Amino acid sequence: MQGVLYVSHGSRYADATAEATAFLEAVKEQVNLPLQEICFLELASPNMMQGIANLVAQGATSIAIIPVLLLQAGHYYHDIPQVIAQQRALYPAVSFSYGQPLGVQDQIIQILAERIDQAVAERRPDMKILLIGRGSSNPQTVMDIETIVCKLKRITTLNHIEACYLAACEPSFDKKLQTAVTEENSQIVIVPYIWFTGFLMRHIHKKVTKFKGTDKEIVVCQHLGEHPAMQEALKDRVIEAIS
């Protein structure tokens, strides 16, 4: 029997775990398979080993591992494959397949454009947009984020869009925000390329709060979240992995 294991990042915050779980439950309803489980890489339970054990106990003989990740980074190349290798040795009679992260998709970039429209009541001529990625030591991450910036410029017809990162890559969000506040632009729009709420979104809001007393309008857009296009994109990855 075919089983599906959704592997989300996990968070120390209950609201973030609840958001990810609700999102994945919605995707499960769109996938016509009886054996589907949700697990987390860290900071929440069940973990991957428990998720696989649950599927095997229910009779799964083939398991598709679905990374609930936006881009190919350390978790995709190292952490998840290590667990898969361990579990292959533990369950030699079970076959495992490994899906792809969502990657750079036009429908996801369209969500970013929608988030800008939702957050900004009126676009000022000097508006600057900071697109924030999580960051990774994998150089492909920077290439992907820069591609997203180019596509977002084309979709929105806005030219003043710059990338920055929360970790591991330069320029950092902190530096970019500090620079933007000292420049002549009066409107700064922060667009998180982040799937679920949690520590990173809290960090962004905390940094922005420090500049609330300035004459700048600083707006933080909603993260990608539960948008139907995100559900559709992940469902497509499940179908790819099981076929």
# chains A, B, ... in the order shown; residues from 1 in each chain; ligands from 1

$ select_by_dssp --residues "stretch 7-208 of chain A" --states "strand (DSSP E or B)" --output "PyMOL selection string"
chain A and resi 7-8+35-40+62-67+95-98+128-133+161-165+172+187-192

$ select_by_dssp --residues "stretch 18-77 of chain A" --states "alpha helix (DSSP H)" --output "list in words"
Ala18, Glu19, Ala20, Thr21, Ala22, Phe23, Leu24, Glu25, Ala26, Val27, Lys28, Glu29, Gln30, Met48, Met49, Gln50, Gly51, Ile52, Ala53, Asn54, Leu55, Val56, Ala57 and Gly74 of chain A

$ write_last_selection --atoms "N, CA and C atoms" --output "tab-separated table (two decimals), in the first residue's frame"
chain	number	residue	atom	x	y	z
A	18	ALA	N	0.31	24.56	14.59
A	18	ALA	CA	-1.11	24.40	14.26
A	18	ALA	C	-1.40	24.85	12.83
A	19	GLU	N	-0.76	25.94	12.41
A	19	GLU	CA	-0.98	26.42	11.04
A	19	GLU	C	-0.48	25.40	10.02
A	20	ALA	N	0.73	24.86	10.24
A	20	ALA	CA	1.27	23.87	9.32
A	20	ALA	C	0.41	22.62	9.29
A	21	THR	N	-0.05	22.17	10.45
A	21	THR	CA	-0.87	20.97	10.53
A	21	THR	C	-2.20	21.17	9.79
A	22	ALA	N	-2.84	22.31	10.00
A	22	ALA	CA	-4.11	22.59	9.33
A	22	ALA	C	-3.93	22.64	7.82
A	23	PHE	N	-2.85	23.26	7.39
A	23	PHE	CA	-2.55	23.33	5.96
A	23	PHE	C	-2.39	21.92	5.37
A	24	LEU	N	-1.62	21.09	6.04
A	24	LEU	CA	-1.35	19.74	5.52
A	24	LEU	C	-2.58	18.85	5.60
A	25	GLU	N	-3.41	19.06	6.59
A	25	GLU	CA	-4.67	18.31	6.65
A	25	GLU	C	-5.55	18.66	5.44
A	26	ALA	N	-5.53	19.93	5.05
A	26	ALA	CA	-6.29	20.35	3.87
A	26	ALA	C	-5.75	19.70	2.60
A	27	VAL	N	-4.43	19.58	2.50
A	27	VAL	CA	-3.83	18.93	1.33
A	27	VAL	C	-4.15	17.44	1.32
A	28	LYS	N	-4.11	16.82	2.49
A	28	LYS	CA	-4.43	15.39	2.59
A	28	LYS	C	-5.82	15.09	2.03
A	29	GLU	N	-6.76	15.99	2.26
A	29	GLU	CA	-8.12	15.78	1.77
A	29	GLU	C	-8.19	15.81	0.25
A	30	GLN	N	-7.19	16.44	-0.38
A	30	GLN	CA	-7.17	16.54	-1.83
A	30	GLN	C	-6.38	15.41	-2.50
A	48	MET	N	10.18	12.36	12.06
A	48	MET	CA	10.14	11.54	10.84
A	48	MET	C	10.08	10.05	11.15
A	49	MET	N	10.88	9.61	12.11
A	49	MET	CA	10.91	8.18	12.44
A	49	MET	C	9.55	7.71	12.93
A	50	GLN	N	8.91	8.55	13.76
A	50	GLN	CA	7.58	8.19	14.25
A	50	GLN	C	6.55	8.19	13.13
A	51	GLY	N	6.65	9.15	12.22
A	51	GLY	CA	5.74	9.21	11.10
A	51	GLY	C	5.85	7.99	10.20
A	52	ILE	N	7.07	7.57	9.92
A	52	ILE	CA	7.28	6.37	9.11
A	52	ILE	C	6.77	5.13	9.83
A	53	ALA	N	7.06	5.03	11.13
A	53	ALA	CA	6.59	3.88	11.90
A	53	ALA	C	5.07	3.80	11.89
A	54	ASN	N	4.39	4.95	11.98
A	54	ASN	CA	2.93	4.97	11.93
A	54	ASN	C	2.41	4.45	10.60
A	55	LEU	N	3.06	4.84	9.51
A	55	LEU	CA	2.63	4.37	8.19
A	55	LEU	C	2.87	2.87	8.02
A	56	VAL	N	4.02	2.41	8.47
A	56	VAL	CA	4.32	0.98	8.37
A	56	VAL	C	3.33	0.17	9.20
A	57	ALA	N	2.99	0.65	10.38
A	57	ALA	CA	2.03	-0.05	11.25
A	57	ALA	C	0.65	-0.15	10.60
A	74	GLY	N	19.63	22.95	3.06
A	74	GLY	CA	20.26	21.93	3.89
A	74	GLY	C	19.33	20.83	4.33

$ residues_around --residues "A:Ile109" --least-positions-apart "3" --cutoff "7 Å" --atoms "only C-alpha atoms" --output "mmCIF file with all heavy atoms, in the first residue's frame"
data_model
loop_
_atom_site.group_PDB
_atom_site.id
_atom_site.type_symbol
_atom_site.label_atom_id
_atom_site.label_comp_id
_atom_site.auth_asym_id
_atom_site.auth_seq_id
_atom_site.Cartn_x
_atom_site.Cartn_y
_atom_site.Cartn_z
ATOM 1 N N GLN A 105 8.112 28.847 -8.600
ATOM 2 C CA GLN A 105 6.905 28.664 -9.399
ATOM 3 C C GLN A 105 6.187 29.999 -9.569
ATOM 4 O O GLN A 105 6.038 30.759 -8.616
ATOM 5 C CB GLN A 105 5.948 27.669 -8.735
ATOM 6 C CG GLN A 105 6.495 26.261 -8.585
ATOM 7 C CD GLN A 105 5.410 25.293 -8.153
ATOM 8 O OE1 GLN A 105 4.257 25.395 -8.545
ATOM 9 N NE2 GLN A 105 5.778 24.323 -7.323
ATOM 10 N N ASP A 106 5.702 30.233 -10.781
ATOM 11 C CA ASP A 106 5.011 31.490 -11.056
ATOM 12 C C ASP A 106 3.774 31.671 -10.182
ATOM 13 O O ASP A 106 3.460 32.795 -9.760
ATOM 14 C CB ASP A 106 4.620 31.556 -12.534
ATOM 15 C CG ASP A 106 5.816 31.795 -13.439
ATOM 16 O OD1 ASP A 106 6.899 32.142 -12.927
ATOM 17 O OD2 ASP A 106 5.676 31.643 -14.667
ATOM 18 N N LEU A 112 2.915 36.332 -3.824
ATOM 19 C CA LEU A 112 3.683 37.450 -3.273
ATOM 20 C C LEU A 112 3.122 38.779 -3.772
ATOM 21 O O LEU A 112 3.001 39.742 -3.011
ATOM 22 C CB LEU A 112 5.155 37.316 -3.660
ATOM 23 C CG LEU A 112 5.893 36.068 -3.177
ATOM 24 C CD1 LEU A 112 7.323 36.070 -3.705
ATOM 25 C CD2 LEU A 112 5.894 35.978 -1.658
ATOM 26 N N ALA A 113 2.770 38.828 -5.064
ATOM 27 C CA ALA A 113 2.177 40.045 -5.624
ATOM 28 C C ALA A 113 0.841 40.350 -4.946
ATOM 29 O O ALA A 113 0.536 41.515 -4.637
ATOM 30 C CB ALA A 113 1.990 39.885 -7.129
ATOM 31 N N ILE A 148 13.260 34.835 -8.268
ATOM 32 C CA ILE A 148 11.951 35.260 -7.758
ATOM 33 C C ILE A 148 11.826 36.777 -7.804
ATOM 34 O O ILE A 148 10.779 37.323 -8.172
ATOM 35 C CB ILE A 148 11.734 34.715 -6.331
ATOM 36 C CG1 ILE A 148 11.583 33.191 -6.381
ATOM 37 C CG2 ILE A 148 10.512 35.358 -5.673
ATOM 38 C CD1 ILE A 148 11.669 32.519 -5.030
ATOM 39 N N LEU A 152 9.022 38.719 -9.837
ATOM 40 C CA LEU A 152 8.107 39.582 -9.101
ATOM 41 C C LEU A 152 8.107 40.994 -9.690
ATOM 42 O O LEU A 152 7.060 41.651 -9.757
ATOM 43 C CB LEU A 152 8.496 39.607 -7.614
ATOM 44 C CG LEU A 152 7.528 40.328 -6.669
ATOM 45 C CD1 LEU A 152 6.134 39.704 -6.718
ATOM 46 C CD2 LEU A 152 8.070 40.296 -5.233
#

$ residues_around --residues "stretch 199-215 of chain A" --least-positions-apart "3" --cutoff "12 Å" --atoms "only C-alpha atoms" --output "PyMOL selection string"
chain A and resi 9-17+43+130-135+164-167+172-196+218-225

$ closest_residue --among "A:Ile84, A:Ile155, A:Leu102, A:Leu71" --to "A:Val142" --atoms "only C-alpha atoms"
A:Leu71

$ closest_residue --among "A:Leu158, A:Ala44, A:Leu33, A:Ile111" --to "A:Arg123" --atoms "only C-alpha atoms"
A:Leu158

$ residues_around --residues "A:Ala93" --least-positions-apart "3" --cutoff "12 Å" --atoms "only C-alpha atoms" --output "short mmCIF file (atom, residue, chain, number, x, y, z; two decimals) with all heavy atoms, in the first residue's frame"
data_model
loop_
_atom_site.label_atom_id
_atom_site.label_comp_id
_atom_site.auth_asym_id
_atom_site.auth_seq_id
_atom_site.Cartn_x
_atom_site.Cartn_y
_atom_site.Cartn_z
N MET A 1 0.83 -1.21 0.00
CA MET A 1 0.00 0.00 0.00
C MET A 1 0.87 1.25 0.00
O MET A 1 1.91 1.29 0.65
CB MET A 1 -0.92 0.03 1.23
CG MET A 1 -2.10 -0.93 1.19
SD MET A 1 -3.15 -0.75 2.64
CE MET A 1 -3.98 0.79 2.22
N VAL A 56 4.02 2.41 8.47
CA VAL A 56 4.32 0.98 8.37
C VAL A 56 3.33 0.17 9.20
O VAL A 56 2.85 -0.90 8.76
CB VAL A 56 5.77 0.70 8.81
CG1 VAL A 56 6.03 -0.81 8.88
CG2 VAL A 56 6.76 1.36 7.84
N GLY A 59 0.27 -0.58 7.41
CA GLY A 59 0.37 -1.46 6.26
C GLY A 59 1.03 -0.86 5.04
O GLY A 59 0.99 -1.46 3.96
N ALA A 60 1.68 0.28 5.17
CA ALA A 60 2.35 0.89 4.02
C ALA A 60 3.54 0.04 3.59
O ALA A 60 4.37 -0.34 4.41
CB ALA A 60 2.81 2.30 4.37
N THR A 61 3.60 -0.26 2.31
CA THR A 61 4.75 -0.98 1.74
C THR A 61 5.59 -0.06 0.85
O THR A 61 6.68 -0.43 0.43
CB THR A 61 4.27 -2.18 0.91
OG1 THR A 61 3.35 -1.73 -0.09
CG2 THR A 61 3.59 -3.21 1.82
N SER A 62 5.06 1.11 0.56
CA SER A 62 5.78 2.13 -0.22
C SER A 62 5.44 3.49 0.40
O SER A 62 4.27 3.79 0.64
CB SER A 62 5.35 2.08 -1.69
OG SER A 62 6.03 3.07 -2.44
N ILE A 63 6.47 4.28 0.66
CA ILE A 63 6.25 5.57 1.33
C ILE A 63 6.89 6.68 0.52
O ILE A 63 8.09 6.64 0.22
CB ILE A 63 6.83 5.56 2.76
CG1 ILE A 63 6.14 4.50 3.61
CG2 ILE A 63 6.66 6.94 3.41
CD1 ILE A 63 6.71 4.36 5.01
N GLN A 87 15.98 4.70 7.81
CA GLN A 87 14.71 3.98 7.80
C GLN A 87 14.67 2.89 6.73
O GLN A 87 14.01 1.86 6.91
CB GLN A 87 13.55 4.96 7.60
CG GLN A 87 13.41 5.99 8.72
CD GLN A 87 13.12 5.32 10.05
OE1 GLN A 87 12.05 4.76 10.26
NE2 GLN A 87 14.07 5.39 10.97
N ARG A 88 15.39 3.08 5.64
CA ARG A 88 15.51 2.02 4.63
C ARG A 88 16.18 0.79 5.24
O ARG A 88 15.79 -0.34 4.95
CB ARG A 88 16.33 2.51 3.43
CG ARG A 88 15.53 3.35 2.44
CD ARG A 88 16.27 3.48 1.12
NE ARG A 88 15.45 4.12 0.12
CZ ARG A 88 15.71 5.30 -0.43
NH1 ARG A 88 16.79 5.98 -0.04
NH2 ARG A 88 14.91 5.81 -1.34
N ALA A 89 17.19 1.02 6.07
CA ALA A 89 17.86 -0.09 6.72
C ALA A 89 16.95 -0.76 7.74
O ALA A 89 16.99 -1.98 7.93
CB ALA A 89 19.14 0.40 7.38
N LEU A 90 16.11 0.04 8.41
CA LEU A 90 15.21 -0.50 9.43
C LEU A 90 14.03 -1.24 8.82
O LEU A 90 13.56 -2.24 9.38
CB LEU A 90 14.70 0.66 10.31
CG LEU A 90 13.84 0.29 11.53
CD1 LEU A 90 14.64 -0.59 12.50
CD2 LEU A 90 13.37 1.56 12.23
N PHE A 96 10.99 3.48 -0.57
CA PHE A 96 10.85 4.91 -0.27
C PHE A 96 11.11 5.73 -1.53
O PHE A 96 12.04 5.44 -2.28
CB PHE A 96 11.86 5.34 0.81
CG PHE A 96 11.58 4.78 2.18
CD1 PHE A 96 12.03 3.53 2.54
CD2 PHE A 96 10.86 5.52 3.10
CE1 PHE A 96 11.78 3.01 3.80
CE2 PHE A 96 10.60 5.02 4.37
CZ PHE A 96 11.06 3.77 4.72
#

$ atom_distance --atom1 "atom CA of A:Ile38" --atom2 "atom CA of A:Tyr6"
4.8 Å

$ residues_around --residues "A:Ala233" --least-positions-apart "2" --cutoff "10 Å" --atoms "only C-alpha atoms" --output "list of chain:residue names"
A:Val27, A:Pro101, A:Leu102, A:Gly103, A:Gln105, A:Gln107, A:Ile108, A:Pro228, A:Ala229, A:Met230, A:Gln231, A:Lys235, A:Asp236, A:Arg237, A:Val238

$ atom_distance --atom1 "atom CA of A:Val104" --atom2 "atom CA of A:Ile145"
8.3 Å

$ closest_residue --among "A:Gln72, A:Gln2, A:Ser8, A:Ser45" --to "A:Met143" --atoms "only C-alpha atoms"
A:Gln72

$ atom_distance --atom1 "atom CA of A:Tyr98" --atom2 "atom CA of A:Glu232"
18.4 Å
